[in-house]
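**Q** To be precise about what I am sending: the file is called query-v6.txt and holds compact mmCIF, C-alpha atoms.
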# COMPACT_ATOMS: atom_id res chain seq x y z
CA MET A 5 115.11 81.21 114.69
CA GLU A 6 117.77 82.15 117.22
CA ALA A 7 116.43 79.46 119.53
CA ILE A 8 116.79 76.78 116.84
CA GLY A 9 120.31 78.02 116.12
CA LEU A 10 121.21 77.76 119.82
CA PHE A 11 119.68 74.27 119.93
CA PHE A 12 121.89 72.97 117.10
CA LEU A 13 124.95 74.88 118.29
CA TYR A 14 124.82 73.31 121.75
CA ALA A 15 124.04 69.91 120.24
CA LEU A 16 127.23 70.18 118.16
CA VAL A 17 129.19 71.36 121.19
CA ALA A 18 128.00 68.33 123.15
CA ILE A 19 128.84 65.94 120.30
CA PHE A 20 132.34 67.19 119.48
CA LEU A 21 133.76 69.66 121.99
CA GLU A 22 132.26 68.36 125.22
CA ASN A 23 131.90 64.70 124.27
CA ALA A 24 130.76 62.70 127.30
CA VAL A 25 133.20 59.85 126.65
CA PHE A 26 136.36 61.47 125.32
CA THR A 27 136.31 64.78 127.20
CA ARG A 28 134.87 63.78 130.55
CA MET A 29 135.14 59.94 130.52
CA LEU A 30 131.46 59.68 131.50
CA GLY A 31 129.75 56.43 130.56
CA VAL A 32 133.01 54.51 130.06
CA GLY A 33 131.88 51.13 131.30
CA ARG A 34 131.18 47.57 130.32
CA MET A 35 129.11 48.53 127.27
CA VAL A 36 132.22 50.19 125.84
CA PHE A 37 134.19 46.93 126.01
CA LEU A 38 131.47 44.36 125.31
CA GLY A 39 128.97 46.01 122.98
CA THR A 40 128.25 44.95 119.41
CA PRO A 41 127.13 47.66 116.94
CA LYS A 42 123.49 46.61 117.27
CA ARG A 43 123.59 46.85 121.08
CA ILE A 44 125.55 50.11 120.93
CA LEU A 45 122.98 51.68 118.61
CA ALA A 46 120.08 50.47 120.76
CA HIS A 47 121.77 51.64 123.98
CA GLY A 48 122.72 54.97 122.38
CA ALA A 49 119.24 55.55 121.00
CA ALA A 50 117.68 54.87 124.40
CA LEU A 51 120.18 57.16 126.12
CA THR A 52 119.59 59.94 123.57
CA VAL A 53 115.81 59.81 124.07
CA ILE A 54 116.27 59.75 127.84
CA THR A 55 118.70 62.68 127.98
CA PHE A 56 116.55 64.65 125.51
CA PHE A 57 113.38 64.39 127.58
CA GLY A 58 115.25 64.34 130.89
CA SER A 59 116.91 67.66 130.09
CA MET A 60 113.48 69.22 129.51
CA LEU A 61 112.23 68.06 132.89
CA SER A 62 115.45 69.00 134.65
CA PHE A 63 115.34 72.49 133.13
CA ALA A 64 111.86 72.95 134.55
CA ALA A 65 112.99 71.64 137.95
CA ASN A 66 116.06 73.89 137.89
CA TYR A 67 113.88 76.90 137.01
CA LEU A 68 111.71 76.22 140.06
CA LEU A 69 114.78 75.83 142.31
CA TYR A 70 116.54 78.92 140.93
CA ASP A 71 115.95 81.09 143.98
CA TYR A 72 117.13 78.46 146.47
CA ASN A 73 120.75 77.63 147.23
CA VAL A 74 120.39 73.89 146.79
CA ALA A 75 123.26 71.44 147.35
CA VAL A 76 124.58 69.54 144.33
CA SER A 77 123.47 66.17 145.70
CA LEU A 78 119.93 67.43 146.26
CA ARG A 79 119.87 68.65 142.67
CA ALA A 80 121.12 65.20 141.66
CA LEU A 81 118.17 63.66 143.52
CA ILE A 82 115.75 65.88 141.61
CA TYR A 83 117.44 65.11 138.27
CA LEU A 84 117.32 61.38 139.06
CA CYS A 85 113.59 61.73 139.79
CA CYS A 86 113.22 63.38 136.35
CA LEU A 87 115.16 60.47 134.79
CA THR A 88 112.97 57.98 136.68
CA VAL A 89 109.80 59.60 135.32
CA VAL A 90 111.14 59.41 131.74
CA TYR A 91 112.26 55.80 132.35
CA LEU A 92 108.85 54.73 133.64
CA ILE A 93 107.04 56.35 130.69
CA LEU A 94 109.41 54.72 128.20
CA TYR A 95 109.14 51.36 129.95
CA LEU A 96 105.35 51.49 129.80
CA LEU A 97 105.51 52.42 126.11
CA CYS A 98 107.91 49.54 125.35
CA ASP A 99 105.65 47.20 127.29
CA ARG A 100 102.52 48.23 125.45
CA LEU A 101 103.89 48.62 121.93
CA PRO A 102 104.29 45.36 120.03
CA GLY A 103 107.22 44.37 117.88
CA LYS A 104 110.74 42.99 117.89
CA ILE A 105 112.29 46.41 118.59
CA PHE A 106 110.47 47.37 121.74
CA THR A 107 110.61 44.16 123.75
CA PRO A 108 114.46 43.90 123.81
CA MET A 109 114.64 47.63 124.59
CA LYS A 110 113.04 46.92 127.98
CA LYS A 111 116.22 45.09 129.04
CA LEU A 112 118.47 47.97 127.96
CA LEU A 113 116.38 50.74 129.49
CA PRO A 114 117.61 50.48 133.12
CA LEU A 115 121.28 50.67 132.13
CA SER A 116 120.64 53.39 129.56
CA THR A 117 118.77 55.54 132.06
CA PHE A 118 120.79 55.17 135.24
CA ASN A 119 124.34 55.74 134.13
CA CYS A 120 126.98 58.41 134.53
CA ALA A 121 126.50 59.84 131.03
CA SER A 122 122.79 60.65 131.44
CA LEU A 123 123.05 62.04 134.98
CA GLY A 124 126.29 63.85 134.14
CA ALA A 125 124.67 65.50 131.11
CA LEU A 126 121.79 66.84 133.22
CA VAL A 127 124.09 68.09 136.00
CA LEU A 128 126.40 69.81 133.48
CA THR A 129 123.72 71.56 131.44
CA THR A 130 121.73 72.85 134.37
CA ALA A 131 124.87 73.95 136.26
CA GLN A 132 125.72 76.29 133.38
CA GLN A 133 122.29 78.01 133.56
CA HIS A 134 121.55 77.99 129.84
CA SER A 135 118.26 78.69 128.11
CA PHE A 136 115.70 75.97 127.45
CA PHE A 137 116.72 75.30 123.83
CA SER A 138 120.43 75.17 124.59
CA THR A 139 119.81 72.80 127.54
CA VAL A 140 117.69 70.46 125.43
CA GLY A 141 120.18 70.71 122.54
CA PHE A 142 123.04 69.78 124.89
CA GLY A 143 121.03 66.83 126.20
CA LEU A 144 120.35 65.56 122.69
CA GLY A 145 123.96 66.15 121.65
CA THR A 146 125.27 64.21 124.67
CA GLY A 147 123.31 61.12 123.61
CA VAL A 148 124.35 61.38 119.97
CA GLY A 149 127.99 62.08 120.90
CA TYR A 150 128.01 59.13 123.30
CA THR A 151 126.70 56.79 120.57
CA LEU A 152 129.25 58.03 118.03
CA ALA A 153 132.05 57.66 120.59
CA LEU A 154 131.05 54.07 121.34
CA LEU A 155 130.94 53.23 117.61
CA LEU A 156 134.40 54.77 117.17
CA ILE A 157 135.70 52.71 120.09
CA TYR A 158 134.11 49.57 118.59
CA THR A 159 135.94 50.18 115.30
CA GLY A 160 139.21 50.52 117.21
CA ARG A 161 138.45 47.36 119.19
CA ARG A 162 137.96 45.34 116.03
CA ARG A 163 141.32 46.48 114.65
CA LEU A 164 143.06 45.81 117.96
CA GLU A 165 141.79 42.23 117.99
CA LEU A 166 143.77 41.54 114.80
CA VAL A 167 147.03 42.80 116.26
CA THR A 168 149.49 40.68 118.23
CA LEU A 169 149.62 42.10 121.74
CA PRO A 170 151.29 41.09 125.00
CA ARG A 171 148.92 38.83 126.92
CA ALA A 172 148.61 41.28 129.81
CA PHE A 173 147.30 44.01 127.51
CA LYS A 174 144.64 41.97 125.70
CA GLY A 175 141.08 43.10 126.35
CA MET A 176 140.34 46.01 128.68
CA PRO A 177 143.88 47.45 129.14
CA ILE A 178 144.49 48.02 125.43
CA HIS A 179 140.98 49.40 124.96
CA LEU A 180 141.55 51.87 127.80
CA LEU A 181 144.86 52.85 126.25
CA TYR A 182 143.10 53.39 122.92
CA ILE A 183 140.39 55.54 124.54
CA GLY A 184 143.05 57.58 126.36
CA LEU A 185 145.01 58.25 123.17
CA VAL A 186 141.89 59.20 121.17
CA SER A 187 140.91 61.49 124.04
CA LEU A 188 144.37 63.09 123.92
CA ALA A 189 144.05 63.58 120.16
CA ILE A 190 140.63 65.24 120.54
CA TYR A 191 141.98 67.38 123.39
CA GLY A 192 144.66 68.73 121.09
CA LEU A 193 142.33 69.02 118.11
CA ILE A 194 139.92 71.22 120.07
CA GLY A 195 142.79 73.59 120.78
CA HIS A 196 143.45 72.95 124.45
CA GLN A 197 146.97 73.20 125.74
CA LEU A 198 148.46 71.41 128.70
CA PRO A 199 148.37 73.54 131.86
CA THR A 200 151.74 74.95 132.89
CA MET B 7 146.23 15.93 147.14
CA TYR B 8 146.56 16.56 143.43
CA LEU B 9 147.64 20.12 142.46
CA GLN B 10 147.75 21.26 146.08
CA ARG B 11 149.25 24.70 145.53
CA THR B 12 146.84 25.45 142.67
CA ARG B 13 143.87 24.49 144.83
CA LYS B 14 145.14 26.71 147.65
CA HIS B 15 145.60 29.59 145.20
CA ASN B 16 142.09 29.12 143.81
CA ARG B 17 140.60 29.06 147.31
CA LEU B 18 142.41 32.32 148.07
CA VAL B 19 141.09 33.87 144.84
CA ARG B 20 137.51 32.89 145.65
CA ARG B 21 137.76 34.13 149.25
CA PHE B 22 139.27 37.51 148.39
CA SER B 23 137.52 38.11 145.08
CA GLY B 24 137.27 41.86 144.56
CA LEU B 25 140.30 42.96 146.54
CA PHE B 26 143.10 42.04 144.16
CA PHE B 27 141.70 39.19 142.11
CA ASP B 28 138.63 40.29 140.09
CA ASN B 29 139.24 43.88 141.16
CA PRO B 30 136.13 45.91 140.21
CA VAL B 31 138.14 48.62 138.44
CA LEU B 32 141.12 46.73 137.03
CA SER B 33 139.45 43.44 136.06
CA LEU B 34 135.72 44.13 135.74
CA GLY B 35 135.89 47.69 134.37
CA LEU B 36 133.40 49.14 136.87
CA ALA B 37 133.27 52.75 138.15
CA LEU B 38 135.81 53.82 135.53
CA PRO B 39 134.66 57.49 135.28
CA LEU B 40 135.38 57.93 138.99
CA ALA B 41 138.73 56.13 138.82
CA ILE B 42 139.85 58.09 135.75
CA SER B 43 138.59 61.62 136.38
CA ALA B 44 138.28 61.95 140.15
CA THR B 45 141.89 60.96 140.92
CA ASN B 46 143.51 64.33 140.23
CA SER B 47 144.23 64.69 143.92
CA LEU B 48 144.31 62.40 146.93
CA GLN B 49 141.79 64.55 148.79
CA GLY B 50 139.34 64.31 145.88
CA ALA B 51 139.81 60.55 145.72
CA PHE B 52 139.25 60.37 149.48
CA CYS B 53 135.94 62.27 149.20
CA VAL B 54 134.81 59.95 146.41
CA MET B 55 135.83 56.90 148.48
CA ILE B 56 133.74 58.13 151.42
CA GLY B 57 130.77 58.69 149.10
CA MET B 58 131.19 55.20 147.61
CA TRP B 59 131.40 53.44 150.97
CA ALA B 60 128.45 55.41 152.33
CA THR B 61 126.18 54.60 149.37
CA THR B 62 127.24 51.24 147.93
CA LEU B 63 127.27 49.10 151.10
CA PRO B 64 123.80 50.10 152.38
CA VAL B 65 122.25 49.73 148.92
CA MET B 66 123.85 46.29 148.47
CA LEU B 67 122.55 45.19 151.87
CA PHE B 68 119.12 46.53 150.98
CA SER B 69 119.14 44.52 147.74
CA SER B 70 119.92 41.31 149.65
CA LEU B 71 116.87 41.63 151.94
CA PRO B 72 114.34 38.83 151.29
CA PRO B 73 111.32 41.12 150.62
CA VAL B 74 113.32 43.07 148.01
CA ARG B 75 114.55 39.92 146.31
CA ARG B 76 111.13 38.34 146.25
CA PHE B 77 108.73 41.18 145.48
CA LEU B 78 110.60 43.90 143.62
CA PRO B 79 110.79 43.22 139.85
CA LEU B 80 113.93 44.06 137.85
CA TRP B 81 112.47 47.14 136.18
CA ALA B 82 111.69 48.67 139.59
CA ARG B 83 114.94 47.67 141.34
CA PHE B 84 117.27 50.02 139.46
CA PRO B 85 115.34 53.24 140.21
CA VAL B 86 115.01 52.19 143.87
CA TYR B 87 118.75 51.51 144.23
CA VAL B 88 119.71 54.79 142.60
CA LEU B 89 117.22 56.94 144.53
CA LEU B 90 118.27 55.31 147.81
CA ALA B 91 121.93 55.93 146.97
CA VAL B 92 121.42 59.60 146.19
CA ALA B 93 119.30 60.02 149.33
CA ILE B 94 122.27 58.72 151.37
CA LEU B 95 124.71 60.87 149.38
CA ILE B 96 122.97 64.15 150.33
CA PRO B 97 123.92 64.11 154.05
CA VAL B 98 127.41 62.85 153.12
CA GLU B 99 127.93 65.87 150.88
CA LEU B 100 126.50 68.23 153.50
CA ARG B 101 128.94 66.74 156.03
CA LEU B 102 131.96 66.95 153.74
CA SER B 103 131.37 70.38 152.21
CA PRO B 104 132.46 72.42 155.29
CA ILE B 105 135.62 70.29 155.61
CA TYR B 106 136.63 70.05 151.91
CA PRO B 107 134.76 72.87 150.09
CA VAL B 108 137.39 73.45 147.38
CA VAL B 109 137.86 69.73 146.76
CA LEU B 110 134.12 69.08 146.35
CA ASN B 111 133.83 72.08 144.06
CA SER B 112 136.69 70.80 141.91
CA LEU B 113 135.08 67.32 141.72
CA GLY B 114 132.05 68.94 140.10
CA VAL B 115 129.88 66.37 138.33
CA TYR B 116 131.94 63.41 139.62
CA PHE B 117 130.53 63.49 143.14
CA PRO B 118 126.81 63.20 142.31
CA ILE B 119 127.46 60.39 139.81
CA ILE B 120 128.51 58.18 142.75
CA ALA B 121 124.75 57.55 143.05
CA VAL B 122 124.75 55.68 139.71
CA ASN B 123 128.10 53.93 140.06
CA THR B 124 128.32 50.60 138.30
CA ILE B 125 129.96 48.76 141.22
CA MET B 126 126.76 49.25 143.21
CA LEU B 127 124.37 48.37 140.37
CA TYR B 128 126.41 45.43 139.11
CA ARG B 129 127.05 43.82 142.51
CA CYS B 130 123.44 44.37 143.63
CA GLU B 131 122.17 42.42 140.65
CA HIS B 132 124.89 39.75 140.63
CA VAL B 133 125.25 39.14 144.33
CA GLY B 134 122.65 41.06 146.32
CA VAL B 135 119.51 39.52 144.82
CA ARG B 136 121.01 36.03 144.69
CA CYS B 137 122.87 35.66 147.97
CA GLY B 138 122.23 36.30 151.64
CA VAL B 139 122.98 39.40 153.67
CA LEU B 140 126.33 38.21 155.07
CA HIS B 141 127.73 37.11 151.71
CA THR B 142 126.61 40.42 150.15
CA LEU B 143 128.25 42.40 152.97
CA ILE B 144 131.59 40.57 152.57
CA ASP B 145 131.43 40.92 148.79
CA GLY B 146 130.66 44.64 149.08
CA VAL B 147 133.48 45.28 151.56
CA LEU B 148 136.04 43.44 149.43
CA HIS B 149 135.02 45.19 146.22
CA LEU B 150 135.01 48.60 147.88
CA LEU B 151 138.44 47.91 149.39
CA GLY B 152 139.70 46.97 145.93
CA PHE B 153 138.21 50.16 144.49
CA SER B 154 139.73 52.28 147.28
CA VAL B 155 143.20 50.81 146.78
CA VAL B 156 143.12 51.60 143.05
CA MET B 157 141.78 55.13 143.66
CA ALA B 158 144.42 55.87 146.29
CA LEU B 159 147.25 54.55 144.09
CA LEU B 160 146.17 56.50 141.02
CA ALA B 161 145.54 59.69 143.01
CA CYS B 162 148.93 59.49 144.73
CA VAL B 163 150.81 59.08 141.45
CA ARG B 164 148.87 61.78 139.61
CA GLU B 165 149.05 64.34 142.40
CA LEU B 166 152.70 63.62 143.15
CA PHE B 167 153.91 64.07 139.57
CA GLY B 168 151.18 66.53 138.50
CA TYR B 169 151.22 69.00 141.39
CA GLY B 170 154.38 67.90 143.21
CA SER B 171 152.41 67.31 146.40
CA VAL B 172 150.55 64.57 148.28
CA TRP B 173 147.35 65.50 150.16
CA GLY B 174 148.14 69.14 149.38
CA ILE B 175 151.52 68.95 151.17
CA PRO B 176 154.42 69.79 148.82
CA VAL B 177 156.95 67.00 148.47
CA THR B 178 160.59 68.03 148.41
CA GLY B 179 162.71 66.27 145.86
CA ILE B 180 160.20 66.43 143.01
CA THR B 181 161.87 68.90 140.64
CA PHE B 182 159.53 68.41 137.68
CA LYS B 183 155.77 68.55 137.20
CA LEU B 184 153.90 66.68 134.46
CA SER B 185 150.78 68.80 134.10
CA GLY B 186 149.39 66.36 131.51
CA LEU B 187 148.80 63.86 134.33
CA LEU B 188 145.94 66.03 135.59
CA ILE B 189 143.89 65.70 132.38
CA PRO B 190 141.41 62.74 132.13
CA PHE B 191 143.21 61.02 129.22
CA SER B 192 146.28 60.40 131.36
CA GLY B 193 144.08 58.77 134.01
CA CYS B 194 142.84 56.43 131.30
CA ILE B 195 146.37 55.57 130.16
CA LEU B 196 147.65 55.06 133.73
CA LEU B 197 144.69 52.84 134.52
CA ALA B 198 145.39 50.78 131.39
CA PHE B 199 148.95 50.11 132.56
CA LEU B 200 147.77 49.35 136.09
CA ALA B 201 145.20 46.87 134.75
CA ALA B 202 147.83 45.19 132.56
CA GLY B 203 150.24 45.05 135.50
CA SER B 204 147.70 43.46 137.84
CA ARG B 205 146.77 40.92 135.18
CA TYR B 206 150.46 40.07 134.63
CA ILE B 207 151.13 39.64 138.35
CA GLY B 208 147.99 37.53 138.82
CA ARG B 209 148.91 35.24 135.96
CA LEU B 210 152.55 34.98 137.12
CA TRP B 211 151.41 33.85 140.55
CA ARG B 212 148.92 31.32 139.14
CA VAL B 213 151.40 29.83 136.67
CA ARG B 214 154.15 29.68 139.30
CA ASN B 215 151.91 27.61 141.60
CA TYR B 216 150.84 25.32 138.77
CA ARG B 217 154.40 24.73 137.58
CA ALA B 218 155.54 24.01 141.13
CA ASP B 219 152.75 21.40 141.39
CA LEU B 220 153.79 19.78 138.11
CA ARG B 221 157.46 19.78 139.17
CA ASP B 222 156.50 17.87 142.34
CA GLY B 223 155.16 15.19 139.99
CA GLN B 224 151.71 15.08 141.54
CA THR B 225 149.18 12.75 140.00
CA PRO B 226 145.51 12.26 140.85
CA ALA B 227 144.90 9.74 143.58
CA GLU B 228 142.85 6.67 142.79
CA GLY B 229 139.20 7.63 142.42
CA GLU B 230 139.94 11.35 142.34
CA ASP B 231 138.37 13.04 139.35
CA GLU B 232 139.89 16.47 138.68
CA ASP B 233 137.05 17.57 136.40
CA LEU B 234 134.55 17.53 139.23
CA ASP B 235 136.84 19.15 141.78
CA ASP B 236 135.73 22.65 142.81
CA ASP B 237 139.18 23.62 144.14
CA LEU B 238 140.62 23.46 140.62
CA LEU B 239 138.05 25.94 139.37
CA ILE B 240 138.17 29.67 140.02
Kindly transcribe the structure held in the file into structure tokens.
**A**
Amino acid sequence: MEAIGLFFLYALVAIFLENAVFTRMLGVGRMVFLGTPKRILAHGAALTVITFFGSMLSFAANYLLYDYNVAVSLRALIYLCCLTVVYLILYLLCDRLPGKIFTPMKKLLPLSTFNCASLGALVLTTAQQHSFFSTVGFGLGTGVGYTLALLLIYTGRRRLELVTLPRAFKGMPIHLLYIGLVSLAIYGLIGHQLPT
Amino acid sequence: MYLQRTRKHNRLVRRFSGLFFDNPVLSLGLALPLAISATNSLQGAFCVMIGMWATTLPVMLFSSLPPVRRFLPLWARFPVYVLLAVAILIPVELRLSPIYPVVLNSLGVYFPIIAVNTIMLYRCEHVGVRCGVLHTLIDGVLHLLGFSVVMALLACVRELFGYGSVWGIPVTGITFKLSGLLIPFSGCILLAFLAAGSRYIGRLWRVRNYRADLRDGQTPAEGEDEDLDDDLLI
């Protein structure tokens, strides 16, 4: 029971308090500026599945490496191998399973797997040496939080397109400004204060 | 020749694409997590730049090799690029950690994510698999130079007004410190203004050349068809 509680607690922490996009700016890329809701949901779903299963494998790998003082980059290599294994399994599944959903997912899988948000989530959870359920919960929460953040940014993008802006700010600059201000709002909402 | 200055400008844009024009961070929106969060200090930005140069160029050159282009399918290329990049990053980190231990520690998650940076993945798929080795090398160098310039500029501003120092050396004359500049959101906001500024300057330059051509009263020569002219396209 405690394990399930930890799982959901860390999932909520990853979604709201340690959001990959607004707190750490991980995964802020072209998908943020170009995605439609359908693509965002597909990309987010793929990333959530990948971070969920990737965090399980990375926890196991971290447990085996616990006694060794391993450099961060070497850990990153091992976590990327875990992500590659998950990616290959998912790719094979998408290839074998019929339907309109799985065939387009094959195109999104490489970008969903090998991006800063998924690798960053694995590095962050395993660096903090949590239990299995909290690690997996954090991995799941990172994917869900990333998807929600992208949908929030899409809503803002749609409203910004209706506003008259200086030509230099149209497109990426105003979207970055929007993300920065939302990030500032969330920073204050969480209760952080500016360092003195 | 018709629209001479505009043609010259367009040739310059094509030749130096990635450095100022089509900058990977400011125009294409690539490697934004590194540009936003790893520019708290100039030393941190320098470590990230070294990691980027060490990983991105070799992987781009690898992607332009004929056997890779011909035999490696798309679904297999991404894992190969990323694993190769992280394999190169390991000795780089081992080399840098005795020299900048505190800086690498403060970078945290932002150093290992160099292995999955979007400049590398994007340019490998757009240029590496389609063009030859030399073209890929030039493209990679220009894009990495553009990335480095943006990183250095952002890091200088944030460290100067956030810590009151540059490269860890205190700067006399800075009487105030804006600690908010050290938080990721301010990196995002600064980058937004930098992107808008570079777009404004680029457009100003382009329009100035075009208006100068129109003022000279240039018209197409007989038989010259501007629609088919590559110099008028960017």
**Q** Each residue of chain A with at least one atom at most 8 Å from chain B should appear once, together with its nearest atom pair and the corresponding distance in Å (one decimal); atoms considered: only C-alpha atoms; ordering: chain, then increasing residue number; output as a tab-separated table.
**A**
residue	atom	partner	partner_atom	distance
A:Phe26	CA	B:Phe191	CA	7.9
A:Thr27	CA	B:Pro190	CA	7.4
A:Arg28	CA	B:Pro190	CA	6.8
A:Met29	CA	B:Pro39	CA	5.4
A:Leu30	CA	B:Pro39	CA	5.4
A:Gly31	CA	B:Pro39	CA	6.9
A:Val32	CA	B:Leu38	CA	6.2
A:Gly33	CA	B:Leu36	CA	6.1
A:Arg34	CA	B:Gly35	CA	6.2
A:Ala75	CA	B:Leu100	CA	7.7
A:Val76	CA	B:Pro118	CA	7.0
A:Ser77	CA	B:Ile96	CA	5.1
A:Leu78	CA	B:Ile96	CA	6.0
A:Ala80	CA	B:Pro118	CA	6.1
A:Leu81	CA	B:Val92	CA	5.8
A:Leu84	CA	B:Leu89	CA	7.0
A:Cys85	CA	B:Leu89	CA	7.7
A:Thr88	CA	B:Pro85	CA	6.4
A:Pro114	CA	B:Phe84	CA	6.4
A:Phe118	CA	B:Val122	CA	6.0
A:Asn119	CA	B:Val122	CA	5.6
A:Cys120	CA	B:Ile119	CA	5.7
A:Leu123	CA	B:Ile119	CA	6.7
A:Gly124	CA	B:Val115	CA	6.1
A:Val127	CA	B:Val115	CA	6.5
A:Leu128	CA	B:Val115	CA	6.9
A:Arg171	CA	B:Tyr206	CA	8.0
A:Ala172	CA	B:Ala202	CA	4.8
A:Phe173	CA	B:Ala202	CA	5.2
A:Met176	CA	B:Gly35	CA	7.4
A:Pro177	CA	B:Ala198	CA	4.3
A:Ile178	CA	B:Ala198	CA	6.6
A:His179	CA	B:Ala198	CA	7.9
A:Leu180	CA	B:Ala198	CA	5.4
A:Leu181	CA	B:Ile195	CA	5.0
A:Ile183	CA	B:Cys194	CA	7.2
A:Gly184	CA	B:Phe191	CA	4.5
A:Leu185	CA	B:Phe191	CA	6.9
A:Ser187	CA	B:Phe191	CA	5.7
A:Leu188	CA	B:Phe191	CA	5.8
A:Leu198	CA	B:Gly186	CA	5.9
A:Pro199	CA	B:Ser185	CA	5.8
A:Thr200	CA	B:Ser185	CA	6.3
**Q** Report the distance between atom CA of A:Gly141 and atom CA of A:Tyr14 in Å, rounded to one decimal place.
**A**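 Separation between atom CA of A:Gly141 and atom CA of A:Tyr14: 5.4 Å.
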**Q** Using only C-alpha atoms for the distances, tell me which of B:Thr142, B:Gln10, B:Gln49, B:Ser69 is nearest to B:Ser112.
**A**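 Closest to B:Ser112, using only C-alpha atoms: B:Gln49.
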**Q** Please report the interatomic distance between atom CA of B:Leu150 and atom CA of B:Tyr128 in Å with one decimal.
**A** 12.7 Å
**Q** Identify which of the residues A:Ser122, A:Phe142, A:Lys111, A:Leu38 lies closest to A:Leu10, counting only C-alpha atoms when measuring atom-to-atom distances.
**A**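 Closest residue, counting only C-alpha atoms: A:Phe142.
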**Q** Would you work out the distance separating atom CA of A:His134 from atom CA of B:Cys53, expressed in Å to one decimal?
**A** 28.8 Å
**Q** Can you tell me, as number ranges by chain, what residues are no more than 8 Å from B:Phe153 when counting all atoms listed in the file, ignoring any on the same chain fewer than 6 positions away?
**A** B: 25, 29-31
**Q** Write out as JSON, numbers by chain each polymer residue whose atoms come within 9 Å of A:Arg161, counting all atoms listed in the file; drop sequence neighbours fewer than 4 positions from it.
**A** {"A": [37, 156, 157, 165, 175, 178, 179, 182]}
**Q** Can you tell me which residues surround stretch 59-64 of chain A at a distance of at most 10 Å, considering only C-alpha atoms, apart from same-chain residues fewer than 3 positions away, and format the answer as a ChimeraX atom specification?
**A** /A:53-56,67-70,79-80,82-87,89-90,122-123,125-127,129-130,133-144
